[in-house]
Structure formats: structure tokens, C-alpha cells
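So this one's structure_32.txt, compact mmCIF, N, CA and C atoms:
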# COMPACT_ATOMS: atom_id res chain seq x y z
N MET Y 1 0.84 -1.19 0.00
CA MET Y 1 0.00 0.00 0.00
C MET Y 1 0.88 1.25 0.00
N PRO Y 2 0.51 2.26 -0.77
CA PRO Y 2 1.31 3.49 -0.80
C PRO Y 2 1.06 4.36 0.43
N ASP Y 3 2.09 5.11 0.80
CA ASP Y 3 2.02 5.99 1.96
C ASP Y 3 2.54 7.37 1.59
N ILE Y 4 2.10 8.39 2.32
CA ILE Y 4 2.67 9.72 2.25
C ILE Y 4 3.64 9.84 3.41
N LEU Y 5 4.89 10.23 3.12
CA LEU Y 5 5.91 10.34 4.14
C LEU Y 5 6.56 11.73 4.05
N HIS Y 6 6.75 12.36 5.20
CA HIS Y 6 7.44 13.65 5.27
C HIS Y 6 8.32 13.66 6.52
N ARG Y 7 9.42 14.41 6.44
CA ARG Y 7 10.30 14.64 7.58
C ARG Y 7 10.55 16.13 7.67
N VAL Y 8 10.38 16.69 8.87
CA VAL Y 8 10.64 18.12 9.07
C VAL Y 8 11.27 18.33 10.44
N GLY Y 9 12.26 19.21 10.47
CA GLY Y 9 12.87 19.60 11.73
C GLY Y 9 12.27 20.91 12.20
N ILE Y 10 11.83 20.95 13.43
CA ILE Y 10 11.21 22.15 14.00
C ILE Y 10 12.06 22.59 15.18
N LYS Y 11 12.51 23.84 15.15
CA LYS Y 11 13.34 24.34 16.24
C LYS Y 11 12.45 24.60 17.45
N SER Y 12 12.22 23.52 18.20
CA SER Y 12 11.32 23.54 19.34
C SER Y 12 11.55 22.25 20.12
N SER Y 13 10.97 22.18 21.30
CA SER Y 13 11.03 20.94 22.06
C SER Y 13 9.97 19.97 21.54
N SER Y 14 10.25 18.70 21.71
CA SER Y 14 9.26 17.69 21.30
C SER Y 14 7.99 17.81 22.14
N GLU Y 15 8.10 18.32 23.37
CA GLU Y 15 6.92 18.51 24.21
C GLU Y 15 5.99 19.57 23.61
N GLU Y 16 6.56 20.66 23.10
CA GLU Y 16 5.74 21.72 22.49
C GLU Y 16 5.12 21.25 21.18
N VAL Y 17 5.87 20.50 20.38
CA VAL Y 17 5.31 19.96 19.14
C VAL Y 17 4.17 19.00 19.47
N TYR Y 18 4.38 18.14 20.44
CA TYR Y 18 3.35 17.19 20.87
C TYR Y 18 2.08 17.94 21.28
N LYS Y 19 2.22 19.03 22.01
CA LYS Y 19 1.07 19.82 22.45
C LYS Y 19 0.31 20.38 21.24
N ALA Y 20 1.04 20.82 20.20
CA ALA Y 20 0.40 21.35 19.00
C ALA Y 20 -0.33 20.27 18.21
N LEU Y 21 0.04 19.01 18.42
CA LEU Y 21 -0.59 17.88 17.72
C LEU Y 21 -1.72 17.23 18.51
N THR Y 22 -1.84 17.57 19.79
CA THR Y 22 -2.78 16.83 20.63
C THR Y 22 -3.82 17.69 21.33
N THR Y 23 -3.75 19.00 21.16
CA THR Y 23 -4.77 19.87 21.77
C THR Y 23 -5.58 20.53 20.68
N ARG Y 24 -6.83 20.79 20.96
CA ARG Y 24 -7.70 21.46 20.00
C ARG Y 24 -7.12 22.82 19.62
N GLU Y 25 -6.63 23.55 20.62
CA GLU Y 25 -6.05 24.87 20.35
C GLU Y 25 -4.81 24.77 19.46
N GLY Y 26 -3.97 23.79 19.75
CA GLY Y 26 -2.77 23.60 18.94
C GLY Y 26 -3.09 23.24 17.52
N LEU Y 27 -3.99 22.28 17.32
CA LEU Y 27 -4.38 21.84 15.97
C LEU Y 27 -5.03 22.98 15.18
N ALA Y 28 -5.85 23.77 15.85
CA ALA Y 28 -6.53 24.90 15.19
C ALA Y 28 -5.55 25.99 14.78
N ALA Y 29 -4.39 26.03 15.41
CA ALA Y 29 -3.41 27.08 15.12
C ALA Y 29 -2.52 26.75 13.93
N TRP Y 30 -2.52 25.47 13.45
CA TRP Y 30 -1.68 25.15 12.29
C TRP Y 30 -2.41 24.37 11.19
N TRP Y 31 -3.51 23.66 11.50
CA TRP Y 31 -4.15 22.84 10.47
C TRP Y 31 -5.44 23.48 9.98
N THR Y 32 -6.46 23.57 10.82
CA THR Y 32 -7.69 24.27 10.44
C THR Y 32 -8.31 24.90 11.68
N VAL Y 33 -8.77 26.12 11.52
CA VAL Y 33 -9.36 26.82 12.66
C VAL Y 33 -10.63 26.13 13.14
N ASP Y 34 -11.29 25.38 12.24
CA ASP Y 34 -12.52 24.66 12.61
C ASP Y 34 -12.15 23.25 13.07
N THR Y 35 -11.64 23.17 14.30
CA THR Y 35 -11.22 21.91 14.91
C THR Y 35 -12.08 21.70 16.15
N GLN Y 36 -12.66 20.50 16.26
CA GLN Y 36 -13.53 20.18 17.40
C GLN Y 36 -13.22 18.77 17.89
N GLY Y 37 -13.68 18.47 19.08
CA GLY Y 37 -13.57 17.12 19.60
C GLY Y 37 -12.50 16.97 20.65
N GLY Y 38 -12.28 15.71 21.04
CA GLY Y 38 -11.34 15.40 22.11
C GLY Y 38 -10.08 14.74 21.60
N GLY Y 39 -8.95 15.22 22.08
CA GLY Y 39 -7.67 14.69 21.65
C GLY Y 39 -7.14 13.56 22.50
N HIS Y 40 -7.98 12.93 23.32
CA HIS Y 40 -7.56 11.82 24.17
C HIS Y 40 -7.71 10.49 23.43
N VAL Y 41 -6.99 9.45 23.88
CA VAL Y 41 -7.09 8.13 23.26
C VAL Y 41 -8.55 7.68 23.29
N GLY Y 42 -9.05 7.27 22.15
CA GLY Y 42 -10.45 6.87 22.00
C GLY Y 42 -11.35 8.01 21.58
N GLY Y 43 -10.88 9.24 21.70
CA GLY Y 43 -11.66 10.42 21.29
C GLY Y 43 -11.66 10.59 19.79
N VAL Y 44 -12.58 11.40 19.30
CA VAL Y 44 -12.67 11.69 17.87
C VAL Y 44 -12.49 13.19 17.68
N LEU Y 45 -11.57 13.53 16.80
CA LEU Y 45 -11.33 14.92 16.43
C LEU Y 45 -12.02 15.19 15.10
N ARG Y 46 -12.67 16.34 14.99
CA ARG Y 46 -13.41 16.71 13.78
C ARG Y 46 -12.76 17.95 13.19
N PHE Y 47 -12.35 17.85 11.93
CA PHE Y 47 -11.69 18.94 11.23
C PHE Y 47 -12.52 19.33 10.01
N ARG Y 48 -12.81 20.62 9.85
CA ARG Y 48 -13.54 21.12 8.69
C ARG Y 48 -12.70 22.21 8.03
N PHE Y 49 -12.74 22.23 6.70
CA PHE Y 49 -11.94 23.16 5.91
C PHE Y 49 -12.85 24.04 5.08
N SER Y 50 -12.42 25.28 4.87
CA SER Y 50 -13.23 26.21 4.09
C SER Y 50 -12.34 27.04 3.17
N ALA Y 51 -12.98 27.61 2.16
CA ALA Y 51 -12.32 28.53 1.24
C ALA Y 51 -13.36 29.55 0.82
N GLY Y 52 -13.02 30.81 0.89
CA GLY Y 52 -13.96 31.85 0.51
C GLY Y 52 -15.22 31.86 1.36
N GLY Y 53 -15.11 31.41 2.61
CA GLY Y 53 -16.25 31.40 3.51
C GLY Y 53 -17.18 30.21 3.33
N VAL Y 54 -16.81 29.26 2.45
CA VAL Y 54 -17.65 28.09 2.17
C VAL Y 54 -16.91 26.83 2.61
N GLU Y 55 -17.60 25.94 3.35
CA GLU Y 55 -16.98 24.68 3.74
C GLU Y 55 -16.73 23.84 2.50
N ILE Y 56 -15.50 23.29 2.40
CA ILE Y 56 -15.13 22.49 1.23
C ILE Y 56 -14.87 21.03 1.57
N GLY Y 57 -14.95 20.67 2.85
CA GLY Y 57 -14.74 19.28 3.22
C GLY Y 57 -14.20 19.14 4.62
N GLY Y 58 -14.01 17.89 5.01
CA GLY Y 58 -13.48 17.66 6.34
C GLY Y 58 -13.21 16.20 6.61
N PHE Y 59 -12.71 15.97 7.83
CA PHE Y 59 -12.30 14.64 8.26
C PHE Y 59 -12.65 14.46 9.71
N GLU Y 60 -12.81 13.19 10.11
CA GLU Y 60 -12.92 12.83 11.51
C GLU Y 60 -11.86 11.78 11.78
N MET Y 61 -11.10 12.00 12.86
CA MET Y 61 -10.00 11.11 13.22
C MET Y 61 -10.21 10.55 14.61
N LYS Y 62 -10.10 9.25 14.74
CA LYS Y 62 -10.13 8.61 16.05
C LYS Y 62 -8.69 8.54 16.56
N VAL Y 63 -8.49 9.00 17.78
CA VAL Y 63 -7.16 8.97 18.38
C VAL Y 63 -6.89 7.55 18.87
N LEU Y 64 -5.89 6.89 18.27
CA LEU Y 64 -5.58 5.51 18.62
C LEU Y 64 -4.46 5.40 19.65
N GLU Y 65 -3.49 6.32 19.58
CA GLU Y 65 -2.32 6.19 20.45
C GLU Y 65 -1.72 7.56 20.73
N LEU Y 66 -1.32 7.77 21.97
CA LEU Y 66 -0.59 8.97 22.38
C LEU Y 66 0.54 8.54 23.29
N GLN Y 67 1.77 8.89 22.92
CA GLN Y 67 2.93 8.67 23.76
C GLN Y 67 3.56 10.04 23.97
N SER Y 68 3.49 10.54 25.16
CA SER Y 68 3.89 11.91 25.46
C SER Y 68 5.22 12.29 24.81
N ALA Y 69 5.17 13.35 24.01
CA ALA Y 69 6.33 13.94 23.36
C ALA Y 69 7.05 13.03 22.36
N THR Y 70 6.44 11.87 22.02
CA THR Y 70 7.12 10.98 21.07
C THR Y 70 6.23 10.45 19.94
N ARG Y 71 4.92 10.30 20.16
CA ARG Y 71 4.10 9.68 19.10
C ARG Y 71 2.64 10.06 19.24
N VAL Y 72 2.02 10.28 18.06
CA VAL Y 72 0.59 10.52 17.93
C VAL Y 72 0.11 9.66 16.77
N LEU Y 73 -0.99 8.93 16.96
CA LEU Y 73 -1.53 8.06 15.91
C LEU Y 73 -3.05 8.21 15.85
N TRP Y 74 -3.54 8.48 14.63
CA TRP Y 74 -4.98 8.60 14.38
C TRP Y 74 -5.40 7.61 13.30
N GLN Y 75 -6.68 7.27 13.32
CA GLN Y 75 -7.31 6.53 12.21
C GLN Y 75 -8.42 7.40 11.66
N VAL Y 76 -8.48 7.50 10.34
CA VAL Y 76 -9.53 8.29 9.70
C VAL Y 76 -10.82 7.47 9.72
N VAL Y 77 -11.87 8.04 10.34
CA VAL Y 77 -13.15 7.34 10.44
C VAL Y 77 -14.24 8.00 9.60
N ASP Y 78 -14.00 9.23 9.11
CA ASP Y 78 -14.96 9.89 8.23
C ASP Y 78 -14.22 10.92 7.39
N GLY Y 79 -14.66 11.06 6.15
CA GLY Y 79 -14.04 11.99 5.21
C GLY Y 79 -14.11 11.41 3.81
N PRO Y 80 -13.24 11.87 2.92
CA PRO Y 80 -13.24 11.33 1.56
C PRO Y 80 -12.99 9.82 1.57
N ALA Y 81 -13.59 9.13 0.63
CA ALA Y 81 -13.48 7.66 0.59
C ALA Y 81 -12.03 7.19 0.60
N GLU Y 82 -11.14 7.92 -0.08
CA GLU Y 82 -9.74 7.51 -0.16
C GLU Y 82 -9.05 7.54 1.21
N TRP Y 83 -9.58 8.34 2.14
CA TRP Y 83 -8.97 8.49 3.47
C TRP Y 83 -9.50 7.50 4.50
N ILE Y 84 -10.71 6.98 4.30
CA ILE Y 84 -11.32 6.12 5.31
C ILE Y 84 -10.41 4.92 5.59
N ASP Y 85 -10.18 4.66 6.88
CA ASP Y 85 -9.35 3.57 7.39
C ASP Y 85 -7.85 3.76 7.15
N THR Y 86 -7.43 4.93 6.64
CA THR Y 86 -6.00 5.20 6.61
C THR Y 86 -5.58 5.66 8.01
N THR Y 87 -4.29 5.62 8.28
CA THR Y 87 -3.79 6.08 9.57
C THR Y 87 -2.81 7.22 9.35
N ILE Y 88 -2.77 8.11 10.33
CA ILE Y 88 -1.89 9.27 10.29
C ILE Y 88 -1.08 9.25 11.57
N SER Y 89 0.25 9.30 11.42
CA SER Y 89 1.11 9.27 12.61
C SER Y 89 2.19 10.33 12.53
N TRP Y 90 2.56 10.76 13.73
CA TRP Y 90 3.70 11.65 13.90
C TRP Y 90 4.60 10.98 14.93
N ASP Y 91 5.84 10.72 14.53
CA ASP Y 91 6.84 10.24 15.49
C ASP Y 91 7.81 11.39 15.72
N LEU Y 92 8.05 11.71 16.98
CA LEU Y 92 8.84 12.87 17.36
C LEU Y 92 10.10 12.43 18.08
N LYS Y 93 11.22 13.07 17.73
CA LYS Y 93 12.45 12.82 18.48
C LYS Y 93 13.24 14.11 18.58
N GLN Y 94 13.82 14.34 19.74
CA GLN Y 94 14.61 15.55 19.96
C GLN Y 94 16.01 15.33 19.42
N ASP Y 95 16.52 16.30 18.65
CA ASP Y 95 17.87 16.26 18.12
C ASP Y 95 18.47 17.65 18.32
N GLY Y 96 19.10 17.85 19.47
CA GLY Y 96 19.62 19.17 19.81
C GLY Y 96 18.48 20.16 19.99
N ASP Y 97 18.56 21.28 19.29
CA ASP Y 97 17.52 22.31 19.38
C ASP Y 97 16.28 21.97 18.56
N TYR Y 98 16.33 20.88 17.79
CA TYR Y 98 15.24 20.55 16.87
C TYR Y 98 14.45 19.32 17.32
N CYS Y 99 13.16 19.40 17.08
CA CYS Y 99 12.30 18.21 17.16
C CYS Y 99 12.16 17.71 15.74
N ILE Y 100 12.58 16.50 15.49
CA ILE Y 100 12.42 15.89 14.17
C ILE Y 100 11.06 15.20 14.13
N VAL Y 101 10.24 15.60 13.16
CA VAL Y 101 8.91 15.04 12.99
C VAL Y 101 8.94 14.10 11.78
N LEU Y 102 8.65 12.83 12.03
CA LEU Y 102 8.48 11.86 10.95
C LEU Y 102 6.98 11.63 10.80
N PHE Y 103 6.44 12.15 9.71
CA PHE Y 103 5.00 12.12 9.45
C PHE Y 103 4.70 10.99 8.47
N LYS Y 104 3.62 10.26 8.73
CA LYS Y 104 3.16 9.20 7.82
C LYS Y 104 1.65 9.27 7.70
N HIS Y 105 1.17 9.25 6.46
CA HIS Y 105 -0.26 9.04 6.19
C HIS Y 105 -0.29 7.73 5.42
N GLN Y 106 -0.63 6.65 6.13
CA GLN Y 106 -0.45 5.29 5.65
C GLN Y 106 -1.74 4.60 5.23
N ASP Y 107 -1.56 3.53 4.48
CA ASP Y 107 -2.62 2.57 4.14
C ASP Y 107 -3.57 3.06 3.05
N TRP Y 108 -3.10 3.95 2.19
CA TRP Y 108 -3.89 4.30 1.02
C TRP Y 108 -4.06 3.04 0.18
N LYS Y 109 -5.22 2.85 -0.38
CA LYS Y 109 -5.48 1.65 -1.18
C LYS Y 109 -4.73 1.69 -2.52
N GLU Y 110 -4.61 2.89 -3.09
CA GLU Y 110 -3.88 3.05 -4.35
C GLU Y 110 -3.43 4.51 -4.49
N PRO Y 111 -2.37 4.75 -5.28
CA PRO Y 111 -1.84 6.11 -5.42
C PRO Y 111 -2.63 6.94 -6.44
N VAL Y 112 -3.86 7.27 -6.09
CA VAL Y 112 -4.72 8.05 -6.98
C VAL Y 112 -4.25 9.51 -7.03
N GLU Y 113 -4.76 10.27 -7.97
CA GLU Y 113 -4.37 11.67 -8.12
C GLU Y 113 -4.62 12.47 -6.84
N PHE Y 114 -5.68 12.17 -6.13
CA PHE Y 114 -5.99 12.86 -4.88
C PHE Y 114 -4.87 12.67 -3.86
N MET Y 115 -4.20 11.53 -3.89
CA MET Y 115 -3.09 11.28 -2.97
C MET Y 115 -1.95 12.26 -3.26
N HIS Y 116 -1.68 12.54 -4.52
CA HIS Y 116 -0.66 13.52 -4.88
C HIS Y 116 -1.01 14.88 -4.29
N HIS Y 117 -2.25 15.28 -4.45
CA HIS Y 117 -2.74 16.55 -3.90
C HIS Y 117 -2.54 16.57 -2.38
N CYS Y 118 -2.96 15.50 -1.72
CA CYS Y 118 -2.89 15.43 -0.26
C CYS Y 118 -1.45 15.47 0.24
N SER Y 119 -0.53 14.86 -0.50
CA SER Y 119 0.87 14.89 -0.11
C SER Y 119 1.39 16.32 -0.10
N THR Y 120 1.05 17.09 -1.13
CA THR Y 120 1.47 18.49 -1.18
C THR Y 120 0.82 19.28 -0.06
N LYS Y 121 -0.47 19.07 0.18
CA LYS Y 121 -1.15 19.81 1.25
C LYS Y 121 -0.60 19.44 2.62
N TRP Y 122 -0.27 18.17 2.85
CA TRP Y 122 0.34 17.80 4.12
C TRP Y 122 1.65 18.56 4.31
N ALA Y 123 2.45 18.65 3.25
CA ALA Y 123 3.72 19.39 3.35
C ALA Y 123 3.46 20.85 3.71
N ILE Y 124 2.46 21.45 3.09
CA ILE Y 124 2.11 22.84 3.40
C ILE Y 124 1.70 22.98 4.86
N PHE Y 125 0.87 22.06 5.34
CA PHE Y 125 0.42 22.16 6.73
C PHE Y 125 1.55 21.83 7.71
N LEU Y 126 2.48 20.95 7.34
CA LEU Y 126 3.63 20.71 8.20
C LEU Y 126 4.51 21.95 8.30
N MET Y 127 4.60 22.72 7.22
CA MET Y 127 5.31 24.00 7.28
C MET Y 127 4.56 25.00 8.15
N SER Y 128 3.23 24.91 8.17
CA SER Y 128 2.43 25.74 9.06
C SER Y 128 2.71 25.37 10.51
N LEU Y 129 2.82 24.07 10.80
CA LEU Y 129 3.17 23.61 12.15
C LEU Y 129 4.55 24.14 12.54
N LYS Y 130 5.51 24.04 11.63
CA LYS Y 130 6.86 24.54 11.88
C LYS Y 130 6.82 26.05 12.17
N SER Y 131 6.09 26.79 11.36
CA SER Y 131 5.98 28.23 11.56
C SER Y 131 5.35 28.56 12.91
N LEU Y 132 4.30 27.84 13.26
CA LEU Y 132 3.64 28.07 14.54
C LEU Y 132 4.62 27.92 15.70
N LEU Y 133 5.39 26.84 15.68
CA LEU Y 133 6.29 26.56 16.80
C LEU Y 133 7.52 27.48 16.80
N GLU Y 134 7.96 27.89 15.62
CA GLU Y 134 9.17 28.70 15.55
C GLU Y 134 8.91 30.21 15.60
N THR Y 135 7.72 30.65 15.17
CA THR Y 135 7.45 32.09 15.12
C THR Y 135 6.23 32.50 15.94
N GLY Y 136 5.41 31.51 16.33
CA GLY Y 136 4.20 31.81 17.07
C GLY Y 136 2.97 31.97 16.19
N THR Y 137 3.16 31.88 14.85
CA THR Y 137 2.04 32.05 13.93
C THR Y 137 2.05 30.96 12.87
N GLY Y 138 0.97 30.18 12.81
CA GLY Y 138 0.80 29.19 11.76
C GLY Y 138 -0.07 29.75 10.65
N ALA Y 139 -0.36 28.91 9.66
CA ALA Y 139 -1.24 29.30 8.55
C ALA Y 139 -2.30 28.21 8.35
N PRO Y 140 -3.21 28.06 9.33
CA PRO Y 140 -4.24 27.03 9.21
C PRO Y 140 -5.31 27.43 8.19
N SER Y 141 -6.06 26.44 7.73
CA SER Y 141 -7.21 26.71 6.87
C SER Y 141 -8.16 27.61 7.65
N PRO Y 142 -8.69 28.64 7.07
CA PRO Y 142 -8.75 28.96 5.64
C PRO Y 142 -7.60 29.84 5.14
N ASP Y 143 -6.57 30.06 5.94
CA ASP Y 143 -5.47 30.94 5.54
C ASP Y 143 -4.27 30.20 4.98
N ASP Y 144 -4.44 28.91 4.63
CA ASP Y 144 -3.36 28.12 4.09
C ASP Y 144 -3.10 28.47 2.62
N ILE Y 145 -1.99 27.98 2.10
CA ILE Y 145 -1.67 28.16 0.68
C ILE Y 145 -2.57 27.25 -0.13
N LYS Y 146 -3.26 27.83 -1.10
CA LYS Y 146 -4.11 27.05 -2.00
C LYS Y 146 -3.27 26.60 -3.20
N ILE Y 147 -3.39 25.34 -3.59
CA ILE Y 147 -2.53 24.82 -4.66
C ILE Y 147 -3.28 24.51 -5.96
N ASP Y 148 -4.59 24.41 -5.91
CA ASP Y 148 -5.37 24.11 -7.11
C ASP Y 148 -6.85 24.29 -6.82
N ASN Y 149 -7.71 23.87 -7.74
CA ASN Y 149 -9.13 24.04 -7.51
C ASN Y 149 -9.69 23.11 -6.43
N TRP Y 150 -8.89 22.13 -5.96
CA TRP Y 150 -9.27 21.30 -4.82
C TRP Y 150 -8.91 22.02 -3.52
N ASN Y 151 -8.09 23.05 -3.63
CA ASN Y 151 -7.56 23.89 -2.55
C ASN Y 151 -6.34 23.27 -1.97

Once more with this new file: its structure as C-alpha cells, please.
Amino acid sequence: MPDILHRVGIKSSSEEVYKALTTREGLAAWWTVDTQGGGHVGGVLRFRFSAGGVEIGGFEMKVLELQSATRVLWQVVDGPAEWIDTTISWDLKQDGDYCIVLFKHQDWKEPVEFMHHCSTKWAIFLMSLKSLLETGTGAPSPDDIKIDNWN
């Protein structure tokens, strides 16, 4: 099965990166401002995206695993068909002044065109996470970089 893989170094502690990945406030500051739900194991997080004031889609993620400052794992339980039952993980490790984030969006059934789009958007949002932790300001949806008519 094909996967989306990214690696990014963030000049921050792994504890601060973990907080941005596991709290509603943190997620809303780098991914999408319309973030709801509980970030605890067994909880479901709801993410909605918009462009031009109109909702364009969203996802629901069940939190499967949390290891403080080292790992976050979700399973997609609602959203586009291509995402259902895929998993999204962040593995974090401290390397000097940097937290190295190894991101995986795994278990895609096939490498469809939408997967290419999602890979680029994940990279954009990971840069938003990096900006949030390094400068205090992220670029969550609806203020993210738009790459095509899918946004």
C-alpha cells in the first residue's frame, strides 16, 4: 500500500510539538481553525476546511495512540473515501535544538491523483506547524496556501 511520508525539523522541544498535535487549540493554530472534539485516546477529532467562507470538506480522526512527546496516531473514520481507514502518525524525536517530525499518512489503497494533492497539502500544513512553533504564527485553513481548484 502506498504511503505519504514527510520529515521536518522544528526548532522547538518535542513537548511543544506534541502539544500542537494533541490539543484542540494547537491543531486549530496550524491545520484548520474549525477543529472540534477530544484529543484523548479513544476520542474523535473533527476537522472542517473552508475557502472563501464556504466549507469544502473535512475529516474525523479517532485517536488511537498517544505517547507523550514521542508519538501521535490517528485513524480516519470519516471523510473522503480515499482516506477512510488510513492512519496518520507523527513520530517525534529531539535532536539538539530541533524536534524531528516523521509524518506518515499510511494505508492508502492506491496512489490516486488525490493522494498527490494530499501529499502536497500535508507538506504545506507541516510547514504551518513549523511556523507556529518557531514564530508563534501558523497558517491554518482557511489561511493556508491554495494549490489548485481542490484547494

Separation of atom C of Y:Lys62 from atom C of Y:Leu132, in Å and rounded to one decimal: 23.5 Å

Y:Glu16, Y:Glu25, Y:Asp148, Y:Glu82 ranked by distance to Y:Ala51, top pick (using only C-alpha atoms):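 Looking only at the distances to Y:Ala51, the closest residue turns out to be Y:Asp148.
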
Secondary structure check, strand (DSSP E) residues of stretch 102-151 of chain Y, as a VMD selection string: chain Y and resid 102 to 106

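With distances taken over all atoms listed in the file, Y:Leu64 is the one residue among Y:Thr135, Y:Trp30, Y:Asp97, Y:Leu64 lying closest to Y:Gly43.
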
Who sits within 12 Å of Y:Gly136, only C-alpha atoms, same chain under 2 positions skipped, as a list in words: Lys11, Ser12, Glu16, Ala20, Gly26, Ala29, Trp30, Ser128, Leu129, Lys130, Ser131, Leu132, Leu133, Glu134, Gly138 and Ala139 of chain Y

When you write stretch 79-99 of chain Y out from the block above, keep N, CA and C atoms and present the result as a PDB file, in the first residue's frame, please.
ATOM      1  N   GLY Y  79     -14.662  11.059   6.151  1.00  0.00           N
ATOM      2  CA  GLY Y  79     -14.038  11.988   5.213  1.00  0.00           C
ATOM      3  C   GLY Y  79     -14.113  11.407   3.813  1.00  0.00           C
ATOM      4  N   PRO Y  80     -13.243  11.874   2.924  1.00  0.00           N
ATOM      5  CA  PRO Y  80     -13.243  11.332   1.557  1.00  0.00           C
ATOM      6  C   PRO Y  80     -12.989   9.821   1.569  1.00  0.00           C
ATOM      7  N   ALA Y  81     -13.590   9.129   0.632  1.00  0.00           N
ATOM      8  CA  ALA Y  81     -13.480   7.665   0.585  1.00  0.00           C
ATOM      9  C   ALA Y  81     -12.029   7.193   0.602  1.00  0.00           C
ATOM     10  N   GLU Y  82     -11.145   7.921  -0.077  1.00  0.00           N
ATOM     11  CA  GLU Y  82      -9.740   7.512  -0.156  1.00  0.00           C
ATOM     12  C   GLU Y  82      -9.050   7.544   1.210  1.00  0.00           C
ATOM     13  N   TRP Y  83      -9.578   8.343   2.140  1.00  0.00           N
ATOM     14  CA  TRP Y  83      -8.966   8.487   3.467  1.00  0.00           C
ATOM     15  C   TRP Y  83      -9.500   7.504   4.501  1.00  0.00           C
ATOM     16  N   ILE Y  84     -10.710   6.983   4.295  1.00  0.00           N
ATOM     17  CA  ILE Y  84     -11.324   6.118   5.306  1.00  0.00           C
ATOM     18  C   ILE Y  84     -10.411   4.922   5.595  1.00  0.00           C
ATOM     19  N   ASP Y  85     -10.182   4.660   6.878  1.00  0.00           N
ATOM     20  CA  ASP Y  85      -9.347   3.572   7.391  1.00  0.00           C
ATOM     21  C   ASP Y  85      -7.852   3.759   7.146  1.00  0.00           C
ATOM     22  N   THR Y  86      -7.431   4.931   6.641  1.00  0.00           N
ATOM     23  CA  THR Y  86      -5.997   5.204   6.614  1.00  0.00           C
ATOM     24  C   THR Y  86      -5.582   5.657   8.010  1.00  0.00           C
ATOM     25  N   THR Y  87      -4.293   5.616   8.281  1.00  0.00           N
ATOM     26  CA  THR Y  87      -3.789   6.080   9.567  1.00  0.00           C
ATOM     27  C   THR Y  87      -2.806   7.220   9.345  1.00  0.00           C
ATOM     28  N   ILE Y  88      -2.766   8.108  10.329  1.00  0.00           N
ATOM     29  CA  ILE Y  88      -1.888   9.268  10.288  1.00  0.00           C
ATOM     30  C   ILE Y  88      -1.080   9.251  11.572  1.00  0.00           C
ATOM     31  N   SER Y  89       0.247   9.300  11.418  1.00  0.00           N
ATOM     32  CA  SER Y  89       1.106   9.272  12.605  1.00  0.00           C
ATOM     33  C   SER Y  89       2.186  10.331  12.527  1.00  0.00           C
ATOM     34  N   TRP Y  90       2.559  10.757  13.729  1.00  0.00           N
ATOM     35  CA  TRP Y  90       3.701  11.652  13.903  1.00  0.00           C
ATOM     36  C   TRP Y  90       4.602  10.984  14.927  1.00  0.00           C
ATOM     37  N   ASP Y  91       5.843  10.716  14.534  1.00  0.00           N
ATOM     38  CA  ASP Y  91       6.836  10.239  15.486  1.00  0.00           C
ATOM     39  C   ASP Y  91       7.805  11.394  15.717  1.00  0.00           C
ATOM     40  N   LEU Y  92       8.050  11.707  16.979  1.00  0.00           N
ATOM     41  CA  LEU Y  92       8.840  12.869  17.360  1.00  0.00           C
ATOM     42  C   LEU Y  92      10.103  12.427  18.085  1.00  0.00           C
ATOM     43  N   LYS Y  93      11.219  13.069  17.734  1.00  0.00           N
ATOM     44  CA  LYS Y  93      12.453  12.815  18.482  1.00  0.00           C
ATOM     45  C   LYS Y  93      13.241  14.110  18.577  1.00  0.00           C
ATOM     46  N   GLN Y  94      13.818  14.344  19.736  1.00  0.00           N
ATOM     47  CA  GLN Y  94      14.610  15.547  19.958  1.00  0.00           C
ATOM     48  C   GLN Y  94      16.010  15.330  19.415  1.00  0.00           C
ATOM     49  N   ASP Y  95      16.517  16.298  18.650  1.00  0.00           N
ATOM     50  CA  ASP Y  95      17.871  16.262  18.120  1.00  0.00           C
ATOM     51  C   ASP Y  95      18.470  17.652  18.324  1.00  0.00           C
ATOM     52  N   GLY Y  96      19.097  17.855  19.470  1.00  0.00           N
ATOM     53  CA  GLY Y  96      19.621  19.170  19.809  1.00  0.00           C
ATOM     54  C   GLY Y  96      18.485  20.155  19.990  1.00  0.00           C
ATOM     55  N   ASP Y  97      18.561  21.278  19.286  1.00  0.00           N
ATOM     56  CA  ASP Y  97      17.518  22.307  19.383  1.00  0.00           C
ATOM     57  C   ASP Y  97      16.279  21.966  18.558  1.00  0.00           C
ATOM     58  N   TYR Y  98      16.328  20.877  17.787  1.00  0.00           N
ATOM     59  CA  TYR Y  98      15.239  20.545  16.867  1.00  0.00           C
ATOM     60  C   TYR Y  98      14.452  19.325  17.319  1.00  0.00           C
ATOM     61  N   CYS Y  99      13.160  19.396  17.077  1.00  0.00           N
ATOM     62  CA  CYS Y  99      12.300  18.214  17.165  1.00  0.00           C
ATOM     63  C   CYS Y  99      12.160  17.712  15.736  1.00  0.00           C
TER      64      CYS Y  99
END
